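As provided, upload11.pdb (PDB, C-alpha atoms and all ligand atoms) reads as follows.
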ATOM      1  CA  MET A   1       8.548   5.544 -13.784  1.00  0.00           C
ATOM      2  CA  SER A   2       7.773   3.410 -10.785  1.00  0.00           C
ATOM      3  CA  VAL A   3       5.885   0.245 -11.486  1.00  0.00           C
ATOM      4  CA  GLU A   4       5.637  -0.594  -7.820  1.00  0.00           C
ATOM      5  CA  THR A   5       2.544  -2.617  -7.155  1.00  0.00           C
ATOM      6  CA  LYS A   6       2.265  -1.950  -3.493  1.00  0.00           C
ATOM      7  CA  VAL A   7      -0.853  -3.434  -2.015  1.00  0.00           C
ATOM      8  CA  GLU A   8      -2.775  -0.469  -0.735  1.00  0.00           C
ATOM      9  CA  GLU A   9      -3.792  -0.477   2.858  1.00  0.00           C
ATOM     10  CA  ASN A  10      -7.520  -0.767   3.222  1.00  0.00           C
ATOM     11  CA  VAL A  11      -8.359   2.845   2.386  1.00  0.00           C
ATOM     12  CA  GLY A  12     -10.599   3.159   5.382  1.00  0.00           C
ATOM     13  CA  GLU A  13     -13.375   5.549   6.288  1.00  0.00           C
ATOM     14  CA  PRO A  14     -13.442   9.328   5.949  1.00  0.00           C
ATOM     15  CA  PHE A  15     -12.202  10.906   9.154  1.00  0.00           C
ATOM     16  CA  VAL A  16     -11.407  14.570   9.656  1.00  0.00           C
ATOM     17  CA  CYS A  17     -11.031  15.549  13.282  1.00  0.00           C
ATOM     18  CA  GLY A  18     -10.386  18.855  14.970  1.00  0.00           C
ATOM     19  CA  GLU A  19      -7.894  19.790  17.668  1.00  0.00           C
ATOM     20  CA  ILE A  20      -7.566  17.738  20.836  1.00  0.00           C
ATOM     21  CA  HIS A  21      -9.863  19.202  23.474  1.00  0.00           C
ATOM     22  CA  LEU A  22     -11.992  17.948  26.365  1.00  0.00           C
ATOM     23  CA  GLU A  23     -15.146  15.878  25.921  1.00  0.00           C
ATOM     24  CA  THR A  24     -17.076  13.333  27.932  1.00  0.00           C
ATOM     25  CA  VAL A  25     -15.556  10.134  26.593  1.00  0.00           C
ATOM     26  CA  THR A  26     -13.292   7.405  27.967  1.00  0.00           C
ATOM     27  CA  CYS A  27      -9.721   6.580  26.943  1.00  0.00           C
ATOM     28  CA  PHE A  28      -9.390   4.519  23.741  1.00  0.00           C
ATOM     29  CA  ILE A  29      -6.414   2.670  25.217  1.00  0.00           C
ATOM     30  CA  CYS A  30      -7.413   1.827  28.784  1.00  0.00           C
ATOM     31  CA  GLY A  31     -11.078   2.831  28.969  1.00  0.00           C
ATOM     32  CA  SER A  32     -10.584   5.123  31.965  1.00  0.00           C
ATOM     33  CA  TYR A  33     -11.554   8.739  32.545  1.00  0.00           C
ATOM     34  CA  ASN A  34      -8.338   9.526  34.429  1.00  0.00           C
ATOM     35  CA  ARG A  35      -7.106  13.051  34.218  1.00  0.00           C
ATOM     36  CA  ASP A  36      -5.156  15.139  36.688  1.00  0.00           C
ATOM     37  CA  ASP A  37      -8.232  17.322  37.119  1.00  0.00           C
ATOM     38  CA  ASN A  38     -10.007  14.430  38.783  1.00  0.00           C
ATOM     39  CA  ARG A  39      -7.941  14.910  41.924  1.00  0.00           C
ATOM     40  CA  ARG A  40      -9.414  18.339  42.407  1.00  0.00           C
ATOM     41  CA  ARG A  41     -12.832  18.002  40.912  1.00  0.00           C
ATOM     42  CA  PHE A  42     -14.687  14.948  39.678  1.00  0.00           C
ATOM     43  CA  SER A  43     -14.885  15.122  35.933  1.00  0.00           C
ATOM     44  CA  TYR A  44     -15.727  12.726  33.145  1.00  0.00           C
ATOM     45  CA  LYS A  45     -14.010  14.830  30.541  1.00  0.00           C
ATOM     46  CA  SER A  46     -11.012  13.384  28.737  1.00  0.00           C
ATOM     47  CA  HIS A  47      -8.662  14.576  26.032  1.00  0.00           C
ATOM     48  CA  SER A  48     -10.656  14.014  22.904  1.00  0.00           C
ATOM     49  CA  ILE A  49     -10.915  14.406  19.180  1.00  0.00           C
ATOM     50  CA  VAL A  50     -14.208  14.749  17.366  1.00  0.00           C
ATOM     51  CA  ALA A  51     -14.906  13.912  13.750  1.00  0.00           C
ATOM     52  CA  PRO A  52     -18.183  14.716  12.038  1.00  0.00           C
ATOM     53  CA  VAL A  53     -19.596  11.850   9.973  1.00  0.00           C
ATOM     54  CA  ASP A  54     -21.995  12.065   7.043  1.00  0.00           C
ATOM     55  CA  LEU A  55     -23.441   8.588   7.169  1.00  0.00           C
ATOM     56  CA  PHE A  56     -24.871   6.567  10.011  1.00  0.00           C
ATOM     57  CA  LEU A  57     -23.033   3.492   8.729  1.00  0.00           C
ATOM     58  CA  THR A  58     -19.696   5.332   8.676  1.00  0.00           C
ATOM     59  CA  GLY A  59     -20.136   6.286  12.309  1.00  0.00           C
ATOM     60  CA  ARG A  60     -20.888   2.686  13.257  1.00  0.00           C
ATOM     61  CA  VAL A  61     -17.927   1.329  11.282  1.00  0.00           C
ATOM     62  CA  ILE A  62     -15.451   3.819  12.779  1.00  0.00           C
ATOM     63  CA  THR A  63     -16.673   3.197  16.318  1.00  0.00           C
ATOM     64  CA  LYS A  64     -16.212  -0.546  15.827  1.00  0.00           C
ATOM     65  CA  MET A  65     -12.510  -0.025  15.026  1.00  0.00           C
ATOM     66  CA  PHE A  66     -12.020   0.723  18.727  1.00  0.00           C
ATOM     67  CA  ASN A  67     -12.351  -1.662  21.656  1.00  0.00           C
ATOM     68  CA  CYS A  68     -13.273   1.240  23.909  1.00  0.00           C
ATOM     69  CA  GLY A  69     -13.055   5.000  24.119  1.00  0.00           C
ATOM     70  CA  ALA A  70     -14.943   5.764  20.919  1.00  0.00           C
ATOM     71  CA  ARG A  71     -18.524   6.947  20.878  1.00  0.00           C
ATOM     72  CA  PHE A  72     -20.858   7.639  18.003  1.00  0.00           C
ATOM     73  CA  GLU A  73     -23.330  10.421  18.644  1.00  0.00           C
ATOM     74  CA  HIS A  74     -26.265  10.496  16.321  1.00  0.00           C
ATOM     75  CA  ASN A  75     -29.557  12.282  16.665  1.00  0.00           C
ATOM     76  CA  PRO A  76     -32.126  11.280  14.010  1.00  0.00           C
ATOM     77  CA  GLN A  77     -33.572  14.800  14.333  1.00  0.00           C
ATOM     78  CA  LYS A  78     -30.183  16.315  13.474  1.00  0.00           C
ATOM     79  CA  PRO A  79     -28.478  13.931  11.034  1.00  0.00           C
ATOM     80  CA  LYS A  80     -26.033  16.655   9.945  1.00  0.00           C
ATOM     81  CA  GLN A  81     -24.566  16.806  13.442  1.00  0.00           C
ATOM     82  CA  ALA A  82     -23.589  13.128  13.704  1.00  0.00           C
ATOM     83  CA  ARG A  83     -20.077  12.731  15.071  1.00  0.00           C
ATOM     84  CA  VAL A  84     -17.569  10.268  16.448  1.00  0.00           C
ATOM     85  CA  LEU A  85     -15.672  11.095  19.640  1.00  0.00           C
ATOM     86  CA  ILE A  86     -12.440   9.394  20.639  1.00  0.00           C
ATOM     87  CA  GLY A  87     -10.882   9.983  24.044  1.00  0.00           C
ATOM     88  CA  ALA A  88      -7.610   9.518  25.895  1.00  0.00           C
ATOM     89  CA  CYS A  89      -6.576   9.799  29.538  1.00  0.00           C
ATOM     90  CA  ASP A  90      -3.508  11.730  30.722  1.00  0.00           C
ATOM     91  CA  ARG A  91      -1.334   8.648  30.422  1.00  0.00           C
ATOM     92  CA  HIS A  92      -2.358   7.955  26.846  1.00  0.00           C
ATOM     93  CA  ILE A  93      -2.754  11.377  25.280  1.00  0.00           C
ATOM     94  CA  HIS A  94       0.375  10.683  23.198  1.00  0.00           C
ATOM     95  CA  LYS A  95      -1.475   7.752  21.625  1.00  0.00           C
ATOM     96  CA  LEU A  96      -4.305  10.085  20.682  1.00  0.00           C
ATOM     97  CA  GLU A  97      -1.789  12.514  19.172  1.00  0.00           C
ATOM     98  CA  ARG A  98      -0.380   9.590  17.192  1.00  0.00           C
ATOM     99  CA  LEU A  99      -3.855   8.747  15.900  1.00  0.00           C
ATOM    100  CA  VAL A 100      -4.314  12.359  14.776  1.00  0.00           C
ATOM    101  CA  GLU A 101      -0.986  12.094  12.885  1.00  0.00           C
ATOM    102  CA  LEU A 102      -1.959   8.794  11.284  1.00  0.00           C
ATOM    103  CA  THR A 103      -5.298  10.130  10.043  1.00  0.00           C
ATOM    104  CA  LYS A 104      -4.005  13.432   8.675  1.00  0.00           C
ATOM    105  CA  ASP A 105      -4.916  12.420   5.139  1.00  0.00           C
ATOM    106  CA  GLY A 106      -8.564  12.283   6.167  1.00  0.00           C
ATOM    107  CA  LYS A 107      -8.913   8.515   6.467  1.00  0.00           C
ATOM    108  CA  ILE A 108      -9.157   6.136   9.371  1.00  0.00           C
ATOM    109  CA  SER A 109      -8.843   2.356   9.329  1.00  0.00           C
ATOM    110  CA  LYS A 110      -8.545  -0.478  11.813  1.00  0.00           C
ATOM    111  CA  ASP A 111      -4.847  -0.750  10.877  1.00  0.00           C
ATOM    112  CA  ARG A 112      -4.249   2.872  11.780  1.00  0.00           C
ATOM    113  CA  VAL A 113      -6.103   2.551  15.062  1.00  0.00           C
ATOM    114  CA  GLU A 114      -3.942  -0.470  15.906  1.00  0.00           C
ATOM    115  CA  SER A 115      -0.789   1.452  14.934  1.00  0.00           C
ATOM    116  CA  ALA A 116      -1.773   4.275  17.256  1.00  0.00           C
ATOM    117  CA  ARG A 117      -2.520   1.846  20.102  1.00  0.00           C
ATOM    118  CA  PHE A 118       0.620  -0.243  19.824  1.00  0.00           C
ATOM    119  CA  GLY A 119       2.987   2.109  18.014  1.00  0.00           C
TER
HETATM  120 ZN    ZN B 201      -5.721   5.626  29.115  1.00  0.00          ZN
END
Could you show the structure in this file as structure tokens?
Ligand SMILES: [Zn+2]
Amino acid sequence: MSVETKVEENVGEPFVCGEIHLETVTCFICGSYNRDDNRRRFSYKSHSIVAPVDLFLTGRVITKMFNCGARFEHNPQKPKQARVLIGACDRHIHKLERLVELTKDGKISKDRVESARFG
């Protein structure tokens, strides 16, 4: 039996996102809205993932893991619909895909965000 005493990574915050789609949010790497579409039609929509959050604090904590490109949407009238959006431009969509991979177990942490950014 393994007696490995690996120091667990900070377990992080609950984070379950859906498929990558388009939302109005900037890129979490470079902060831009750049997409190929913009050449034809001005658009603020970027590749994006959305994760519902149960607690106001969770939304704030997750958003703070990002320097840019993450937005917490919270309506006090509709607390059940609170959500965090994270975006990526055309150049950095692979970084967003990496973040989805890294959070597949339903957790997000600053370490994982950094791994997605620099990995
Ligand atoms: Zn970008």
(request) List the neighbours of stretch 55-72 of chain A out to 10 Å using all atoms listed in the file; skip same-chain residues closer than 5 positions along the sequence, and give me the result as a PyMOL selection string. (result) chain A and resi 12-15+24-33+46+48-50+79-80+82-89+108-114+117
(message) Report, in Å to a single decimal, how far apart atom ZN of ligand ZN 201 (chain B) and atom CA of A:Glu73 are.
(response)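 Here the two named atoms are 21.0 Å from each other.
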(request) Go through A:Gly119, A:Asn34, A:Val100, A:Gln81 one by one, measure the shortest atom-to-atom distance of each to ligand ZN 201 (chain B) using all atoms listed in the file, and give the residue with the smallest value. (result)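 The closest residue to ligand ZN 201 (chain B) is A:Asn34.
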(message) Which residue is closest to ligand ZN 201 (chain B)? Choose from A:Ala51, A:Phe118, A:Glu101, A:Arg35 and count only C-alpha atoms and all ligand atoms.
(response) A:Arg35
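Minimum atom-to-atom distances from A:Leu102, A:Leu22, A:Ala116, A:Ile93 to ligand ZN 201 (chain B) were compared using all atoms listed in the file, and the lowest value belongs to A:Ile93.
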(request) Compare A:Val53, A:His92, A:Glu23, A:His74 by their minimum atom-to-atom distance to ligand ZN 201 (chain B), counting only C-alpha atoms and all ligand atoms, and give me the closest one. (result) A:His92
(message) Could you check the closest approach to ligand ZN 201 (chain B) for each of A:Lys95, A:Asp54, A:Cys17, A:Pro76 and tell me which residue wins, using all atoms listed in the file?
(response) A:Lys95
(request) Please measure the separation of atom CA of A:Lys104 and atom CA of A:Lys78, giving the value in Å to one decimal. (result) 26.8 Å
(message) Could you tell me how far atom CA of A:Asp105 sits from atom CA of A:His47, in Å to one decimal place?
(response)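 Answer for the atom CA of A:His47 to atom CA of A:Asp105 separation: 21.3 Å.
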Generate the coordinates of N, CA and C atoms for stretch 46-79 of chain A; report them as a PDB file, in the frame of the given file.
ATOM      1  N   SER A  46     -12.333  13.866  29.114  1.00  0.00           N
ATOM      2  CA  SER A  46     -11.012  13.384  28.737  1.00  0.00           C
ATOM      3  C   SER A  46     -10.526  14.156  27.524  1.00  0.00           C
ATOM      4  N   HIS A  47      -9.215  14.053  27.280  1.00  0.00           N
ATOM      5  CA  HIS A  47      -8.662  14.576  26.032  1.00  0.00           C
ATOM      6  C   HIS A  47      -9.406  13.874  24.908  1.00  0.00           C
ATOM      7  N   SER A  48      -9.781  14.617  23.895  1.00  0.00           N
ATOM      8  CA  SER A  48     -10.656  14.014  22.904  1.00  0.00           C
ATOM      9  C   SER A  48     -10.505  14.666  21.540  1.00  0.00           C
ATOM     10  N   ILE A  49     -10.748  13.858  20.523  1.00  0.00           N
ATOM     11  CA  ILE A  49     -10.915  14.406  19.180  1.00  0.00           C
ATOM     12  C   ILE A  49     -12.318  14.076  18.716  1.00  0.00           C
ATOM     13  N   VAL A  50     -12.848  14.920  17.866  1.00  0.00           N
ATOM     14  CA  VAL A  50     -14.208  14.749  17.366  1.00  0.00           C
ATOM     15  C   VAL A  50     -14.170  14.849  15.851  1.00  0.00           C
ATOM     16  N   ALA A  51     -14.823  13.885  15.207  1.00  0.00           N
ATOM     17  CA  ALA A  51     -14.906  13.912  13.750  1.00  0.00           C
ATOM     18  C   ALA A  51     -16.366  13.834  13.328  1.00  0.00           C
ATOM     19  N   PRO A  52     -16.826  14.805  12.561  1.00  0.00           N
ATOM     20  CA  PRO A  52     -18.183  14.716  12.038  1.00  0.00           C
ATOM     21  C   PRO A  52     -18.276  13.580  11.023  1.00  0.00           C
ATOM     22  N   VAL A  53     -19.407  12.907  10.970  1.00  0.00           N
ATOM     23  CA  VAL A  53     -19.596  11.850   9.973  1.00  0.00           C
ATOM     24  C   VAL A  53     -20.890  12.095   9.207  1.00  0.00           C
ATOM     25  N   ASP A  54     -20.843  11.812   7.914  1.00  0.00           N
ATOM     26  CA  ASP A  54     -21.995  12.065   7.043  1.00  0.00           C
ATOM     27  C   ASP A  54     -23.025  10.954   7.112  1.00  0.00           C
ATOM     28  N   LEU A  55     -22.552   9.731   7.262  1.00  0.00           N
ATOM     29  CA  LEU A  55     -23.441   8.588   7.169  1.00  0.00           C
ATOM     30  C   LEU A  55     -23.498   7.823   8.476  1.00  0.00           C
ATOM     31  N   PHE A  56     -24.689   7.369   8.811  1.00  0.00           N
ATOM     32  CA  PHE A  56     -24.871   6.567  10.011  1.00  0.00           C
ATOM     33  C   PHE A  56     -23.928   5.370   9.995  1.00  0.00           C
ATOM     34  N   LEU A  57     -23.865   4.690   8.840  1.00  0.00           N
ATOM     35  CA  LEU A  57     -23.033   3.492   8.729  1.00  0.00           C
ATOM     36  C   LEU A  57     -21.562   3.810   8.995  1.00  0.00           C
ATOM     37  N   THR A  58     -21.091   4.928   8.458  1.00  0.00           N
ATOM     38  CA  THR A  58     -19.696   5.332   8.676  1.00  0.00           C
ATOM     39  C   THR A  58     -19.405   5.477  10.162  1.00  0.00           C
ATOM     40  N   GLY A  59     -20.308   6.110  10.871  1.00  0.00           N
ATOM     41  CA  GLY A  59     -20.136   6.286  12.309  1.00  0.00           C
ATOM     42  C   GLY A  59     -20.040   4.958  13.032  1.00  0.00           C
ATOM     43  N   ARG A  60     -20.911   4.013  12.625  1.00  0.00           N
ATOM     44  CA  ARG A  60     -20.888   2.686  13.257  1.00  0.00           C
ATOM     45  C   ARG A  60     -19.577   1.966  12.950  1.00  0.00           C
ATOM     46  N   VAL A  61     -19.143   2.044  11.700  1.00  0.00           N
ATOM     47  CA  VAL A  61     -17.927   1.329  11.282  1.00  0.00           C
ATOM     48  C   VAL A  61     -16.707   1.886  12.014  1.00  0.00           C
ATOM     49  N   ILE A  62     -16.604   3.213  12.097  1.00  0.00           N
ATOM     50  CA  ILE A  62     -15.451   3.819  12.779  1.00  0.00           C
ATOM     51  C   ILE A  62     -15.447   3.423  14.257  1.00  0.00           C
ATOM     52  N   THR A  63     -16.598   3.510  14.886  1.00  0.00           N
ATOM     53  CA  THR A  63     -16.673   3.197  16.318  1.00  0.00           C
ATOM     54  C   THR A  63     -16.229   1.760  16.581  1.00  0.00           C
ATOM     55  N   LYS A  64     -16.565   0.869  15.652  1.00  0.00           N
ATOM     56  CA  LYS A  64     -16.212  -0.546  15.827  1.00  0.00           C
ATOM     57  C   LYS A  64     -14.720  -0.819  15.672  1.00  0.00           C
ATOM     58  N   MET A  65     -13.966   0.153  15.143  1.00  0.00           N
ATOM     59  CA  MET A  65     -12.510  -0.025  15.026  1.00  0.00           C
ATOM     60  C   MET A  65     -11.841   0.041  16.393  1.00  0.00           C
ATOM     61  N   PHE A  66     -12.573   0.531  17.384  1.00  0.00           N
ATOM     62  CA  PHE A  66     -12.020   0.723  18.727  1.00  0.00           C
ATOM     63  C   PHE A  66     -12.650  -0.272  19.691  1.00  0.00           C
ATOM     64  N   ASN A  67     -11.810  -0.782  20.613  1.00  0.00           N
ATOM     65  CA  ASN A  67     -12.351  -1.662  21.656  1.00  0.00           C
ATOM     66  C   ASN A  67     -13.106  -0.857  22.699  1.00  0.00           C
ATOM     67  N   CYS A  68     -12.648   0.364  22.935  1.00  0.00           N
ATOM     68  CA  CYS A  68     -13.273   1.240  23.909  1.00  0.00           C
ATOM     69  C   CYS A  68     -12.884   2.669  23.561  1.00  0.00           C
ATOM     70  N   GLY A  69     -13.482   3.613  24.259  1.00  0.00           N
ATOM     71  CA  GLY A  69     -13.055   5.000  24.119  1.00  0.00           C
ATOM     72  C   GLY A  69     -13.495   5.707  22.853  1.00  0.00           C
ATOM     73  N   ALA A  70     -14.386   5.081  22.091  1.00  0.00           N
ATOM     74  CA  ALA A  70     -14.943   5.764  20.919  1.00  0.00           C
ATOM     75  C   ALA A  70     -16.464   5.749  21.040  1.00  0.00           C
ATOM     76  N   ARG A  71     -17.071   6.869  20.768  1.00  0.00           N
ATOM     77  CA  ARG A  71     -18.524   6.947  20.878  1.00  0.00           C
ATOM     78  C   ARG A  71     -19.088   7.626  19.645  1.00  0.00           C
ATOM     79  N   PHE A  72     -20.158   7.055  19.143  1.00  0.00           N
ATOM     80  CA  PHE A  72     -20.858   7.639  18.003  1.00  0.00           C
ATOM     81  C   PHE A  72     -22.094   8.363  18.516  1.00  0.00           C
ATOM     82  N   GLU A  73     -22.166   9.635  18.242  1.00  0.00           N
ATOM     83  CA  GLU A  73     -23.330  10.421  18.644  1.00  0.00           C
ATOM     84  C   GLU A  73     -24.157  10.731  17.419  1.00  0.00           C
ATOM     85  N   HIS A  74     -25.394  10.312  17.476  1.00  0.00           N
ATOM     86  CA  HIS A  74     -26.265  10.496  16.321  1.00  0.00           C
ATOM     87  C   HIS A  74     -27.672  10.801  16.784  1.00  0.00           C
ATOM     88  N   ASN A  75     -28.184  11.903  16.354  1.00  0.00           N
ATOM     89  CA  ASN A  75     -29.557  12.282  16.665  1.00  0.00           C
ATOM     90  C   ASN A  75     -30.360  12.276  15.363  1.00  0.00           C
ATOM     91  N   PRO A  76     -31.354  11.368  15.260  1.00  0.00           N
ATOM     92  CA  PRO A  76     -32.126  11.280  14.010  1.00  0.00           C
ATOM     93  C   PRO A  76     -32.762  12.618  13.612  1.00  0.00           C
ATOM     94  N   GLN A  77     -32.997  13.484  14.618  1.00  0.00           N
ATOM     95  CA  GLN A  77     -33.572  14.800  14.333  1.00  0.00           C
ATOM     96  C   GLN A  77     -32.540  15.747  13.709  1.00  0.00           C
ATOM     97  N   LYS A  78     -31.255  15.441  13.969  1.00  0.00           N
ATOM     98  CA  LYS A  78     -30.183  16.315  13.474  1.00  0.00           C
ATOM     99  C   LYS A  78     -29.098  15.482  12.802  1.00  0.00           C
ATOM    100  N   PRO A  79     -29.440  14.840  11.677  1.00  0.00           N
ATOM    101  CA  PRO A  79     -28.478  13.931  11.034  1.00  0.00           C
ATOM    102  C   PRO A  79     -27.186  14.626  10.620  1.00  0.00           C
TER     103      PRO A  79
END
